[in-house]
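Student: Please read through the structure below; I'll follow up with questions.
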Amino acid sequence: MRSRQTQMPSETAPAVKSLKRTKAKANAAAASAGTQRSALPQASITEIFRRFSEALPEPKGELEYANVYTLLVAVVLSAQATDVGVNKATRPLFAIADTPHKMVALGEEKLMDFIKTIGLYRNKARNVIALSKALIAEHGGEVPPSREVLETLPGVGRKTANVVLNIAFGLPTIAVDTHLFRVANRTGLAPGKTPLAVELGLEKVVPATYARHAHHWLILHGRYVCKAVKPMCPTCLIRDICLFEDKTV
């Protein structure tokens with residue numbers, strides 16, 4: 001998918017570059033403080049993903065979308081909300097507003113009517129309208145295939161950017177949500193004190209063959225098998241490899 005970007009005004013470019021450098025330094029510091037070596041040997045890590053791949057060769061995210069823009073909006077809306085709830089709200093929304101121009105024309109008040117069943121809907125509506133305006137003004141109405149640029153958009157953080165880059169542009173990014181964070185730490189696959197530490201830890205150990213779908217496998221595993229309260233260890237594909245001490249029977 002192509003993305004067109006208009007040139008930034010010269011007076012704003014230095015500020016943006018400075019912000020990017022600051023973010024990069026902060027990310028590096030946070031990662032170094034929380035990253036640990038995988039507790040599993042590389043052969044075991046490869047076997048984990050081989051099993052996931054065999055069981056589900058083409059894992060998919062569960063958010064519904066019509067194009068790259070609606071994917072971005074859906075992911076922004078999904079923060080602290082369920083995919084089921086977001087899909088219910090966005091089906092009628094995306095039927096009439098599936099581009100930045102249409103969303104801006106819809107307006108913040110009407111957008112809130114569509115998404116009022118989603119948590120933090122007022123703030124999310126404000127961000128969706130603002131990011132839509134930014135896409136129009138700075139990127140020709142298209143979603144840019146760059147994490148750094150995506151993170152400059154209102155309401156878009158690293159996890160959201162990684163989801164969009166992975167699903168829409170096929171990049172081997174890893175979006176760490178609560179499910180993936182839990183699985184990475186429980187199994188010993190990529191222990192880390194922060195989502196960024198887990199993300200960077202996984203990037204180091206996930207075999208390139210499986211990198212494209214790794215975060216989907218881990219998220220789905222955490223959502224449906226390695227649950228927070230009562231993990232389904234007896235039916236787990238990787239029970240014999242996982243280092244979690246409190247396995248259920």
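The chains in the structure tokens are called A, B, ... from first to last as shown; in each chain the residues are counted from 1, and the ligands are counted from 1 in the order shown.
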Quick one: residues within 10 Å of region 84-86 of chain A, only C-alpha atoms counted, chain neighbours fewer than 3 positions away excluded, as a ChimeraX atom specification?

Tutor: /A:62-64,74-79,81,89-91,115,117-119

Student: Next, write the just-selected residues to a file, as a PDB file, in the first residue's frame, keeping C-alpha atoms as the atom set.

Tutor:
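Output file part_21.pdb follows:
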```pdb
ATOM      1  CA  GLU A  62     -10.210  -9.737  15.698  1.00  0.00           C
ATOM      2  CA  LEU A  63     -10.929  -6.070  15.008  1.00  0.00           C
ATOM      3  CA  GLU A  64     -13.066  -5.429  11.932  1.00  0.00           C
ATOM      4  CA  ALA A  74     -10.414   0.675  15.322  1.00  0.00           C
ATOM      5  CA  VAL A  75      -7.136   0.092  17.146  1.00  0.00           C
ATOM      6  CA  VAL A  76      -7.262   3.559  18.718  1.00  0.00           C
ATOM      7  CA  LEU A  77     -10.809   2.845  19.907  1.00  0.00           C
ATOM      8  CA  SER A  78      -9.830  -0.569  21.288  1.00  0.00           C
ATOM      9  CA  ALA A  79      -7.696   0.835  24.117  1.00  0.00           C
ATOM     10  CA  ALA A  81     -12.105  -1.899  25.463  1.00  0.00           C
ATOM     11  CA  ALA A  89     -19.766   0.270  17.428  1.00  0.00           C
ATOM     12  CA  THR A  90     -17.667   0.594  14.283  1.00  0.00           C
ATOM     13  CA  ARG A  91     -19.797  -1.466  11.882  1.00  0.00           C
ATOM     14  CA  ILE A 115     -18.918   5.063  19.966  1.00  0.00           C
ATOM     15  CA  THR A 117     -20.748   2.335  24.283  1.00  0.00           C
ATOM     16  CA  ILE A 118     -16.928   2.218  24.289  1.00  0.00           C
ATOM     17  CA  GLY A 119     -14.925   3.268  27.334  1.00  0.00           C
TER      18      GLY A 119
END
```

Student: As a ChimeraX atom specification, please: the residues near Phe244 (chain A) (cut-off 10 Å, only C-alpha atoms, same-chain neighbours under 5 positions excluded).

Tutor: /A:183,185-188,233,239

Student: Would you write out those residues with C-alpha atoms, as a PDB file, in the first residue's frame?

Tutor:
```
ATOM      1  CA  VAL A 183       2.364 -14.982  28.221  1.00  0.00           C
ATOM      2  CA  ASN A 185       6.577 -13.502  31.351  1.00  0.00           C
ATOM      3  CA  ARG A 186       4.781 -16.672  32.447  1.00  0.00           C
ATOM      4  CA  THR A 187       6.390 -18.918  29.885  1.00  0.00           C
ATOM      5  CA  GLY A 188       9.871 -17.459  30.279  1.00  0.00           C
ATOM      6  CA  CYS A 233      -2.893 -25.499  31.058  1.00  0.00           C
ATOM      7  CA  ARG A 239       2.565 -26.907  28.389  1.00  0.00           C
TER       8      ARG A 239
END
```

Student: How many Å separate CA of Lys60 (chain A) from CA of Asp246 (chain A)?

Tutor: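 Computing it gives 29.3 Å between the two atoms.
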
Student: Restricting the calculation to only C-alpha atoms: of A:Ile136, A:Ile129, A:Val156, A:Ala190, which residue gets closest to Val206 (chain A)?

Tutor: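 Among the listed residues, the smallest separation from Val206 (chain A) belongs to A:Ala190.
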
Student: Find, counting only C-alpha atoms, the residue in A:Gly222, A:Glu142, A:Pro207, A:Val163 that gets nearest to Leu180 (chain A).

Tutor: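 So, comparing all the options, the nearest one is A:Gly222.
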
Student: Using only C-alpha atoms, determine which residues lie at most 10 Å from Val164 (chain A), disregarding the query and same-chain residues fewer than 5 positions distant; provide the list as an MDAnalysis selection string.

Tutor: chainID A and resid 68:69 71:75 143:147 150 159 169:171 173 175

Student: Nearest residue to Tyr224 (chain A) out of A:Cys236, A:Lys193, A:Leu93, A:Leu106, using only C-alpha atoms?

Tutor: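 Closest residue, counting only C-alpha atoms: A:Cys236.
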
Student: List the spatial neighbours of Asn127 (chain A) as a list of chain:residue names - criterion: any atom at most 9 Å away, only C-alpha atoms, same-chain residues fewer than 2 positions off excluded.

Tutor: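 Near Asn127 (chain A), the qualifying residues are A:Val76, A:Arg122, A:Asn123, A:Lys124, A:Ala125, A:Ile129, A:Ala130, A:Leu131, A:Ser132, A:Leu153, A:Pro154, A:Gly155, A:Val156.
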
Student: Kindly indicate which residue among A:His215, A:Lys230, A:Tyr210, A:Pro172 lies nearest to Ala184 (chain A), using only C-alpha atoms for the distances.

Tutor: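 The closest residue to Ala184 (chain A) is A:His215.
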
Student: Would you mind reading off the distance between CA of Glu108 (chain A) and CA of Asn166 (chain A), one decimal, in Å?

Tutor: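 It comes out at 28.3 Å.
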
Student: Mind pulling up the distance from CA of Ala134 (chain A) to CA of Thr152 (chain A)?

Tutor: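 Atom-to-atom, CA of Thr152 (chain A) and CA of Ala134 (chain A) are spaced 9.3 Å apart.
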